[in-house]
>>> print(open('query-v8.pdb').read())   # PDB, C-alpha atoms
ATOM      1  CA  MET T   1       0.000   0.000   0.000
ATOM      2  CA  VAL T   2       2.705   2.501   0.916
ATOM      3  CA  GLN T   3       4.385   2.062  -2.480
ATOM      4  CA  MET T   4       1.110   2.613  -4.290
ATOM      5  CA  ILE T   5       0.519   5.779  -2.268
ATOM      6  CA  ALA T   6       4.082   6.928  -2.977
ATOM      7  CA  ASP T   7       3.609   6.478  -6.719
ATOM      8  CA  LEU T   8       0.516   8.682  -6.638
ATOM      9  CA  VAL T   9       2.198  11.271  -4.443
ATOM     10  CA  ARG T  10       5.125  11.460  -6.869
ATOM     11  CA  ALA T  11       2.657  12.107  -9.694
ATOM     12  CA  ALA T  12       1.040  14.833  -7.578
ATOM     13  CA  GLY T  13       4.480  16.359  -7.090
ATOM     14  CA  ARG T  14       4.801  16.785 -10.846
ATOM     15  CA  ILE T  15       1.774  19.092 -10.755
ATOM     16  CA  ILE T  16       3.713  21.321  -8.347
ATOM     17  CA  LEU T  17       6.851  21.277 -10.494
ATOM     18  CA  GLU T  18       4.901  22.160 -13.630
ATOM     19  CA  ALA T  19       3.018  25.074 -12.029
ATOM     20  CA  ASP T  20       3.128  28.307 -13.963
ATOM     21  CA  ALA T  21       3.451  31.834 -12.615
ATOM     22  CA  ASP T  22      -0.310  32.368 -12.366
ATOM     23  CA  LYS T  23      -1.069  30.444  -9.185
ATOM     24  CA  ALA T  24      -4.405  32.225  -8.521
ATOM     25  CA  VAL T  25      -3.449  32.939  -4.917
ATOM     26  CA  ARG T  26      -6.164  33.844  -2.449
ATOM     27  CA  ARG T  27      -6.488  34.098   1.327
ATOM     28  CA  LYS T  28      -8.586  31.726   3.400
ATOM     29  CA  SER T  29      -8.895  32.441   7.129
ATOM     30  CA  SER T  30      -6.320  35.258   7.349
ATOM     31  CA  LYS T  31      -3.466  36.999   5.530
ATOM     32  CA  HIS T  32      -1.213  34.140   6.688
ATOM     33  CA  ASP T  33      -3.440  31.405   5.267
ATOM     34  CA  LEU T  34      -2.901  31.162   1.504
ATOM     35  CA  VAL T  35      -4.317  28.759  -1.041
ATOM     36  CA  THR T  36      -3.625  28.447  -4.773
ATOM     37  CA  ARG T  37      -5.320  26.735  -7.669
ATOM     38  CA  TYR T  38      -2.593  24.108  -7.440
ATOM     39  CA  ASP T  39      -3.513  23.182  -3.860
ATOM     40  CA  MET T  40      -6.979  22.429  -5.164
ATOM     41  CA  GLN T  41      -5.692  20.624  -8.264
ATOM     42  CA  VAL T  42      -3.342  18.365  -6.299
ATOM     43  CA  GLN T  43      -6.013  17.565  -3.733
ATOM     44  CA  GLU T  44      -8.595  16.600  -6.334
ATOM     45  CA  PHE T  45      -6.054  14.477  -8.191
ATOM     46  CA  LEU T  46      -5.263  12.625  -4.968
ATOM     47  CA  ARG T  47      -8.907  12.282  -3.975
ATOM     48  CA  CYS T  48      -9.667  10.415  -7.204
ATOM     49  CA  ALA T  49      -6.433   8.435  -7.378
ATOM     50  CA  LEU T  50      -6.463   7.273  -3.741
ATOM     51  CA  ARG T  51     -10.095   6.215  -4.083
ATOM     52  CA  ASP T  52      -9.020   3.906  -6.901
ATOM     53  CA  ILE T  53      -6.458   2.046  -4.766
ATOM     54  CA  LEU T  54      -8.603   1.868  -1.603
ATOM     55  CA  PRO T  55     -12.235   2.450  -2.604
ATOM     56  CA  GLY T  56     -13.743   2.145   0.869
ATOM     57  CA  ALA T  57     -11.468   4.652   2.605
ATOM     58  CA  GLY T  58     -12.521   8.133   3.641
ATOM     59  CA  PHE T  59     -10.701  11.257   2.524
ATOM     60  CA  TYR T  60      -9.821  14.206   4.754
ATOM     61  CA  GLY T  61      -8.007  16.968   2.862
ATOM     62  CA  GLU T  62      -6.851  20.391   3.978
ATOM     63  CA  GLU T  63      -8.928  22.184   1.384
ATOM     64  CA  ASP T  64     -12.098  20.435   2.591
ATOM     65  CA  GLY T  65     -11.900  22.277   5.930
ATOM     66  CA  GLY T  66     -13.629  20.944   9.029
ATOM     67  CA  THR T  67     -12.152  19.263  12.090
ATOM     68  CA  GLY T  68     -12.339  15.592  11.147
ATOM     69  CA  THR T  69     -13.623  14.716  14.611
ATOM     70  CA  ASN T  70     -15.961  11.995  13.297
ATOM     71  CA  LEU T  71     -13.362  10.185  11.210
ATOM     72  CA  GLN T  72     -13.601   6.428  11.686
ATOM     73  CA  GLY T  73     -12.178   3.361   9.995
ATOM     74  CA  LEU T  74      -9.662   3.725   7.193
ATOM     75  CA  HIS T  75      -9.182   7.256   5.876
ATOM     76  CA  PHE T  76      -6.568   9.322   4.115
ATOM     77  CA  ILE T  77      -5.340  12.568   5.713
ATOM     78  CA  VAL T  78      -3.963  14.792   2.957
ATOM     79  CA  ASP T  79      -2.071  18.049   2.701
ATOM     80  CA  PRO T  80      -1.847  18.690  -1.043
ATOM     81  CA  ILE T  81       0.865  21.349  -0.673
ATOM     82  CA  ASP T  82       2.424  21.697   2.751
ATOM     83  CA  GLY T  83       4.323  24.961   2.626
ATOM     84  CA  THR T  84       1.912  26.885   0.399
ATOM     85  CA  THR T  85       3.512  30.237   1.214
ATOM     86  CA  ASN T  86       6.897  28.790   0.212
ATOM     87  CA  PHE T  87       5.284  27.592  -3.022
ATOM     88  CA  VAL T  88       3.815  31.032  -3.733
ATOM     89  CA  LYS T  89       7.153  32.745  -3.026
ATOM     90  CA  GLY T  90       9.234  30.297  -5.058
ATOM     91  CA  LEU T  91      11.252  29.094  -2.050
ATOM     92  CA  ARG T  92      11.223  25.448  -3.252
ATOM     93  CA  ARG T  93      10.511  24.065   0.221
ATOM     94  CA  SER T  94       7.077  22.468  -0.175
ATOM     95  CA  CYS T  95       5.780  18.909  -0.258
ATOM     96  CA  VAL T  96       2.822  16.597  -0.698
ATOM     97  CA  SER T  97       1.825  14.765   2.493
ATOM     98  CA  VAL T  98      -0.487  11.738   2.671
ATOM     99  CA  ALA T  99      -1.251   9.576   5.699
ATOM    100  CA  LEU T 100      -3.463   6.511   5.850
ATOM    101  CA  ALA T 101      -5.095   6.179   9.251
ATOM    102  CA  ASP T 102      -7.241   3.499  10.840
ATOM    103  CA  GLY T 103      -9.314   5.403  13.356
ATOM    104  CA  ALA T 104      -6.845   7.332  15.506
ATOM    105  CA  ARG T 105      -3.844   5.255  14.388
ATOM    106  CA  VAL T 106      -1.733   6.250  11.390
ATOM    107  CA  VAL T 107      -0.598   3.124   9.576
ATOM    108  CA  SER T 108       1.185   4.601   6.525
ATOM    109  CA  GLY T 109       2.812   7.940   5.832
ATOM    110  CA  VAL T 110       4.259   9.413   2.637
ATOM    111  CA  ILE T 111       5.854  12.848   2.199
ATOM    112  CA  TYR T 112       7.418  13.944  -1.077
ATOM    113  CA  ASN T 113       9.476  17.050  -1.810
ATOM    114  CA  PRO T 114       9.367  17.337  -5.606
ATOM    115  CA  TYR T 115      12.076  20.008  -5.679
ATOM    116  CA  THR T 116      14.687  17.664  -4.188
ATOM    117  CA  ASP T 117      13.071  14.402  -5.364
ATOM    118  CA  GLU T 118      13.070  13.128  -1.769
ATOM    119  CA  MET T 119      10.398  10.566  -0.923
ATOM    120  CA  PHE T 120       9.925   9.822   2.776
ATOM    121  CA  THR T 121       7.817   6.760   3.623
ATOM    122  CA  ALA T 122       6.838   4.798   6.693
ATOM    123  CA  GLU T 123       4.595   1.897   7.634
ATOM    124  CA  ALA T 124       3.626   1.178  11.217
ATOM    125  CA  GLY T 125       6.026  -1.370  12.662
ATOM    126  CA  LYS T 126       8.194  -1.501   9.527
ATOM    127  CA  GLY T 127      10.508   1.506   9.864
ATOM    128  CA  ALA T 128      10.975   4.674   7.838
ATOM    129  CA  CYS T 129      12.812   5.295   4.582
ATOM    130  CA  LEU T 130      14.120   8.080   2.385
ATOM    131  CA  ASN T 131      14.099   7.057  -1.286
ATOM    132  CA  GLY T 132      13.948   3.433  -0.204
ATOM    133  CA  GLU T 133      16.843   3.546   2.268
ATOM    134  CA  ALA T 134      16.244   3.187   6.007
ATOM    135  CA  ILE T 135      16.516   6.375   8.069
ATOM    136  CA  HIS T 136      16.996   6.976  11.790
ATOM    137  CA  VAL T 137      16.926   9.939  14.136
ATOM    138  CA  SER T 138      20.246  11.275  15.383
ATOM    139  CA  ARG T 139      21.773  10.581  18.793
ATOM    140  CA  CYS T 140      22.748  14.206  19.477
ATOM    141  CA  CYS T 141      21.774  15.753  22.807
ATOM    142  CA  MET T 142      20.278  19.231  23.139
ATOM    143  CA  ASP T 143      23.567  21.108  23.272
ATOM    144  CA  GLU T 144      24.419  19.603  19.859
ATOM    145  CA  ALA T 145      20.923  20.023  18.427
ATOM    146  CA  VAL T 146      19.350  21.959  15.615
ATOM    147  CA  VAL T 147      15.724  22.623  16.572
ATOM    148  CA  TYR T 148      12.922  23.497  14.179
ATOM    149  CA  THR T 149       9.975  25.596  15.238
ATOM    150  CA  GLY T 150       6.769  26.564  13.549
ATOM    151  CA  ALA T 151       5.361  29.982  14.401
ATOM    152  CA  SER T 152       1.663  28.941  14.314
ATOM    153  CA  PRO T 153       0.977  32.016  12.146
ATOM    154  CA  TYR T 154      -2.779  31.363  11.971
ATOM    155  CA  TYR T 155      -3.133  31.530  15.775
ATOM    156  CA  PRO T 156      -2.009  34.864  17.319
ATOM    157  CA  ALA T 157      -2.828  33.654  20.828
ATOM    158  CA  CYS T 158       0.106  31.232  20.540
ATOM    159  CA  TYR T 159       2.752  33.735  19.441
ATOM    160  CA  ASP T 160       4.094  34.734  22.854
ATOM    161  CA  ALA T 161       4.416  31.182  24.186
ATOM    162  CA  THR T 162       6.016  30.007  20.940
ATOM    163  CA  PHE T 163       8.749  32.601  21.125
ATOM    164  CA  ARG T 164       9.274  32.076  24.864
ATOM    165  CA  LEU T 165      10.005  28.439  24.136
ATOM    166  CA  ALA T 166      12.188  29.312  21.136
ATOM    167  CA  ARG T 167      14.166  31.738  23.307
ATOM    168  CA  SER T 168      14.606  29.121  26.013
ATOM    169  CA  LEU T 169      15.804  26.556  23.485
ATOM    170  CA  MET T 170      18.149  29.058  21.855
ATOM    171  CA  GLY T 171      20.169  29.134  25.055
ATOM    172  CA  ARG T 172      20.503  25.342  25.048
ATOM    173  CA  CYS T 173      20.822  24.155  21.441
ATOM    174  CA  VAL T 174      23.126  24.930  18.522
ATOM    175  CA  ASP T 175      20.506  26.930  16.598
ATOM    176  CA  ILE T 176      16.822  27.387  15.807
ATOM    177  CA  ARG T 177      15.376  26.952  12.322
ATOM    178  CA  ARG T 178      12.001  27.665  10.670
ATOM    179  CA  SER T 179      11.464  26.462   7.110
ATOM    180  CA  GLY T 180       7.728  26.919   6.536
ATOM    181  CA  SER T 181       6.798  23.237   6.091
ATOM    182  CA  ALA T 182       5.864  21.241   9.188
ATOM    183  CA  ALA T 183       5.881  17.984   7.230
ATOM    184  CA  LEU T 184       9.426  18.480   5.936
ATOM    185  CA  GLU T 185      10.661  19.617   9.347
ATOM    186  CA  LEU T 186       9.383  16.343  10.800
ATOM    187  CA  CYS T 187      11.181  14.475   8.012
ATOM    188  CA  ASP T 188      14.404  16.305   8.844
ATOM    189  CA  VAL T 189      14.114  15.120  12.448
ATOM    190  CA  ALA T 190      13.439  11.585  11.212
ATOM    191  CA  CYS T 191      16.579  11.425   9.078
ATOM    192  CA  GLY T 192      18.872  13.144  11.597
ATOM    193  CA  ARG T 193      19.281  16.512   9.891
ATOM    194  CA  ALA T 194      17.701  18.128  12.960
ATOM    195  CA  GLU T 195      17.083  16.843  16.470
ATOM    196  CA  ALA T 196      13.749  18.376  17.469
ATOM    197  CA  TYR T 197      10.690  20.237  16.224
ATOM    198  CA  PHE T 198       7.809  21.946  17.976
ATOM    199  CA  GLU T 199       4.760  23.985  17.071
ATOM    200  CA  ALA T 200       2.003  25.340  19.296
ATOM    201  CA  LEU T 201      -0.958  24.480  17.059
ATOM    202  CA  LEU T 202      -1.249  22.455  13.859
ATOM    203  CA  SER T 203      -3.977  20.700  11.896
ATOM    204  CA  PRO T 204      -3.886  16.898  11.403
ATOM    205  CA  TRP T 205      -2.914  17.155   7.730
ATOM    206  CA  ASP T 206       0.239  19.020   8.820
ATOM    207  CA  TYR T 207       1.507  16.288  11.124
ATOM    208  CA  ALA T 208      -0.224  12.952  10.414
ATOM    209  CA  ALA T 209       2.233  11.464   7.907
ATOM    210  CA  GLY T 210       5.313  13.117   9.403
ATOM    211  CA  SER T 211       4.585  11.926  12.916
ATOM    212  CA  LEU T 212       4.613   8.293  11.786
ATOM    213  CA  ILE T 213       7.844   8.832   9.856
ATOM    214  CA  VAL T 214       9.519  10.215  12.999
ATOM    215  CA  LEU T 215       8.213   7.376  15.170
ATOM    216  CA  GLU T 216       9.330   4.702  12.731
ATOM    217  CA  ALA T 217      12.767   6.348  12.522
ATOM    218  CA  GLY T 218      13.184   5.930  16.288
ATOM    219  CA  GLY T 219      11.963   9.314  17.531
ATOM    220  CA  SER T 220       9.117  10.390  19.797
ATOM    221  CA  VAL T 221       6.082  12.503  18.892
ATOM    222  CA  THR T 222       3.290  13.780  21.169
ATOM    223  CA  ASP T 223       1.537  17.038  21.830
ATOM    224  CA  MET T 224       3.506  19.475  23.990
ATOM    225  CA  ALA T 225       1.889  18.135  27.146
ATOM    226  CA  GLY T 226       3.230  14.673  26.328
ATOM    227  CA  THR T 227      -0.195  13.293  25.338
ATOM    228  CA  PRO T 228      -0.461  10.924  22.342
ATOM    229  CA  LEU T 229      -1.743  12.493  19.127
ATOM    230  CA  GLN T 230      -5.290  11.691  18.007
ATOM    231  CA  PHE T 231      -5.246  12.977  14.375
ATOM    232  CA  ALA T 232      -8.857  14.152  14.524
ATOM    233  CA  GLU T 233      -8.359  17.772  15.548
ATOM    234  CA  LYS T 234      -5.824  20.566  15.895
ATOM    235  CA  SER T 235      -2.970  19.894  18.303
ATOM    236  CA  SER T 236       0.343  21.180  19.523
ATOM    237  CA  LEU T 237       3.289  19.050  18.481
ATOM    238  CA  ALA T 238       6.615  18.025  19.994
ATOM    239  CA  ALA T 239       8.932  15.712  18.061
ATOM    240  CA  ALA T 240      12.515  14.792  18.859
ATOM    241  CA  ASN T 241      15.120  12.095  19.085
ATOM    242  CA  PRO T 242      15.334  10.196  22.404
ATOM    243  CA  ALA T 243      18.216  12.345  23.681
ATOM    244  CA  CYS T 244      16.234  15.604  23.344
ATOM    245  CA  PHE T 245      12.582  14.696  23.764
ATOM    246  CA  ASP T 246      12.191  14.916  27.554
ATOM    247  CA  GLU T 247      14.013  18.240  27.684
ATOM    248  CA  LEU T 248      11.831  19.626  24.889
ATOM    249  CA  LEU T 249       8.673  18.704  26.831
ATOM    250  CA  ARG T 250      10.056  20.170  30.066
ATOM    251  CA  LEU T 251      10.880  23.475  28.418
ATOM    252  CA  ALA T 252       7.474  23.526  26.721
ATOM    253  CA  ARG T 253       5.759  23.210  30.098
ATOM    254  CA  GLU T 254       7.888  26.019  31.505
ATOM    255  CA  ALA T 255       7.001  28.247  28.538
ATOM    256  CA  GLU T 256       3.267  27.589  29.077
ATOM    257  CA  THR T 257       2.709  26.816  25.417
ATOM    258  CA  CYS T 258      -0.800  26.635  23.936
TER
END
>>> encode(input="query-v8.pdb", output="structure tokens")
Amino acid sequence: MVQMIADLVRAAGRIILEADADKAVRRKSSKHDLVTRYDMQVQEFLRCALRDILPGAGFYGEEDGGTGTNLQGLHFIVDPIDGTTNFVKGLRRSCVSVALADGARVVSGVIYNPYTDEMFTAEAGKGACLNGEAIHVSRCCMDEAVVYTGASPYYPACYDATFRLARSLMGRCVDIRRSGSAALELCDVACGRAEAYFEALLSPWDYAAGSLIVLEAGGSVTDMAGTPLQFAEKSSLAAANPACFDELLRLAREAETC
């Protein structure tokens, strides 16, 4: 199943690569929340293609909106372009993210960056891979760590706590990074390019596939209170290798994150 999903996600990535300058950008909930005609095109391509390989599964895509609270059984959780602002600005740091979940349990995850041709995949209990090769989180402790943060731009109530935690981490790690794609930041933790990632509030399509990839690469992922993710509603997120995870959660509690 994961290979069939990956093949479709790669095809969806070609839509991103072939996009022209007229992306028909518009705002959704705020000035931070952009959508393009390509977000819609990729999502509809995936809706039809995924239905063909698993006809009975539900489909929960970013551009459908809603909370997904009533999702049951097998269903796909899809972000057609994670990093839409990057896509609009030509920063070449965007991806397609697809998770297959069974109730509240993600069983397959696929994330593809078409600009670098990097395909991250994971199946529950079977490990994680980058372009078919096994990947693992790093063993670095916090004073050797690069830490990613998301700024939760859609949620102003989270700004102060986010930057309190970032400031606290800045005094303990090597450096802080923000790339504009939660899914790719999770993949970077999974393959050891970074040691930790946090964000105060995300939607399930942002973290569903990436959380499984981190777990199957040997990392830990919960919300910032240490509670397991449910994938049916918005959540904070803390992801890290084993050497950094407990410290990340402790600092998150001290920062009183959302």
>>> resolve_selection(input="query-v8.pdb", expression="the PyMOL selection byres ((chain T and resi 58) around 7)", output="number ranges by chain")
T: 56-57, 59-60, 74-76
>>> resolve_selection(input="query-v8.pdb", expression="the PyMOL selection byres ((chain T and resi 202) around 6)", output="list in words")
Leu201, Ser203, Lys234 and Ser235 of chain T
>>> residues_around(input="query-v8.pdb", residues="Cys129 of chain T", least_positions_apart="3", cutoff="10 Å", atoms="all atoms listed in the file", output="list in words")
Val110, Met119, Phe120, Thr121, Ala122, Glu123, Lys126, Gly132, Glu133, Ala134, Ile135, His136, Cys187, Ala190, Cys191, Ile213, Glu216 and Ala217 of chain T
>>> write_last_selection(input="query-v8.pdb", atoms="C-alpha atoms", output="PDB file, in the frame of the given file")
ATOM      1  CA  VAL T 110       4.259   9.413   2.637  1.00  0.00           C
ATOM      2  CA  MET T 119      10.398  10.566  -0.923  1.00  0.00           C
ATOM      3  CA  PHE T 120       9.925   9.822   2.776  1.00  0.00           C
ATOM      4  CA  THR T 121       7.817   6.760   3.623  1.00  0.00           C
ATOM      5  CA  ALA T 122       6.838   4.798   6.693  1.00  0.00           C
ATOM      6  CA  GLU T 123       4.595   1.897   7.634  1.00  0.00           C
ATOM      7  CA  LYS T 126       8.194  -1.501   9.527  1.00  0.00           C
ATOM      8  CA  GLY T 132      13.948   3.433  -0.204  1.00  0.00           C
ATOM      9  CA  GLU T 133      16.843   3.546   2.268  1.00  0.00           C
ATOM     10  CA  ALA T 134      16.244   3.187   6.007  1.00  0.00           C
ATOM     11  CA  ILE T 135      16.516   6.375   8.069  1.00  0.00           C
ATOM     12  CA  HIS T 136      16.996   6.976  11.790  1.00  0.00           C
ATOM     13  CA  CYS T 187      11.181  14.475   8.012  1.00  0.00           C
ATOM     14  CA  ALA T 190      13.439  11.585  11.212  1.00  0.00           C
ATOM     15  CA  CYS T 191      16.579  11.425   9.078  1.00  0.00           C
ATOM     16  CA  ILE T 213       7.844   8.832   9.856  1.00  0.00           C
ATOM     17  CA  GLU T 216       9.330   4.702  12.731  1.00  0.00           C
ATOM     18  CA  ALA T 217      12.767   6.348  12.522  1.00  0.00           C
TER      19      ALA T 217
END
>>> atom_distance(input="query-v8.pdb", atom1="atom CA of Pro156 of chain T", atom2="atom CA of His32 of chain T")
10.7 Å
>>> atom_distance(input="query-v8.pdb", atom1="atom CA of Gln43 of chain T", atom2="atom CA of Val96 of chain T")
9.4 Å
>>> atom_distance(input="query-v8.pdb", atom1="atom CA of Leu212 of chain T", atom2="atom CA of Arg14 of chain T")
24.2 Å
>>> resolve_selection(input="query-v8.pdb", expression="the PyMOL selection byres ((chain T and resi 193) around 12)", output="ChimeraX atom specification")
/T:135-140,144-148,177,184-192,194-197,240-241
>>> residues_around(input="query-v8.pdb", residues="Ala209 of chain T", least_positions_apart="3", cutoff="8 Å", atoms="all atoms listed in the file", output="list in words")
Ile77, Ser97, Val98, Ala99, Leu100, Val106, Ser108, Gly109, Val110, Ile111, Ala183, Trp205, Asp206, Leu212 and Ile213 of chain T
>>> residues_around(input="query-v8.pdb", residues="Met142 of chain T", least_positions_apart="6", cutoff="12 Å", atoms="only C-alpha atoms", output="count of residues only")
23
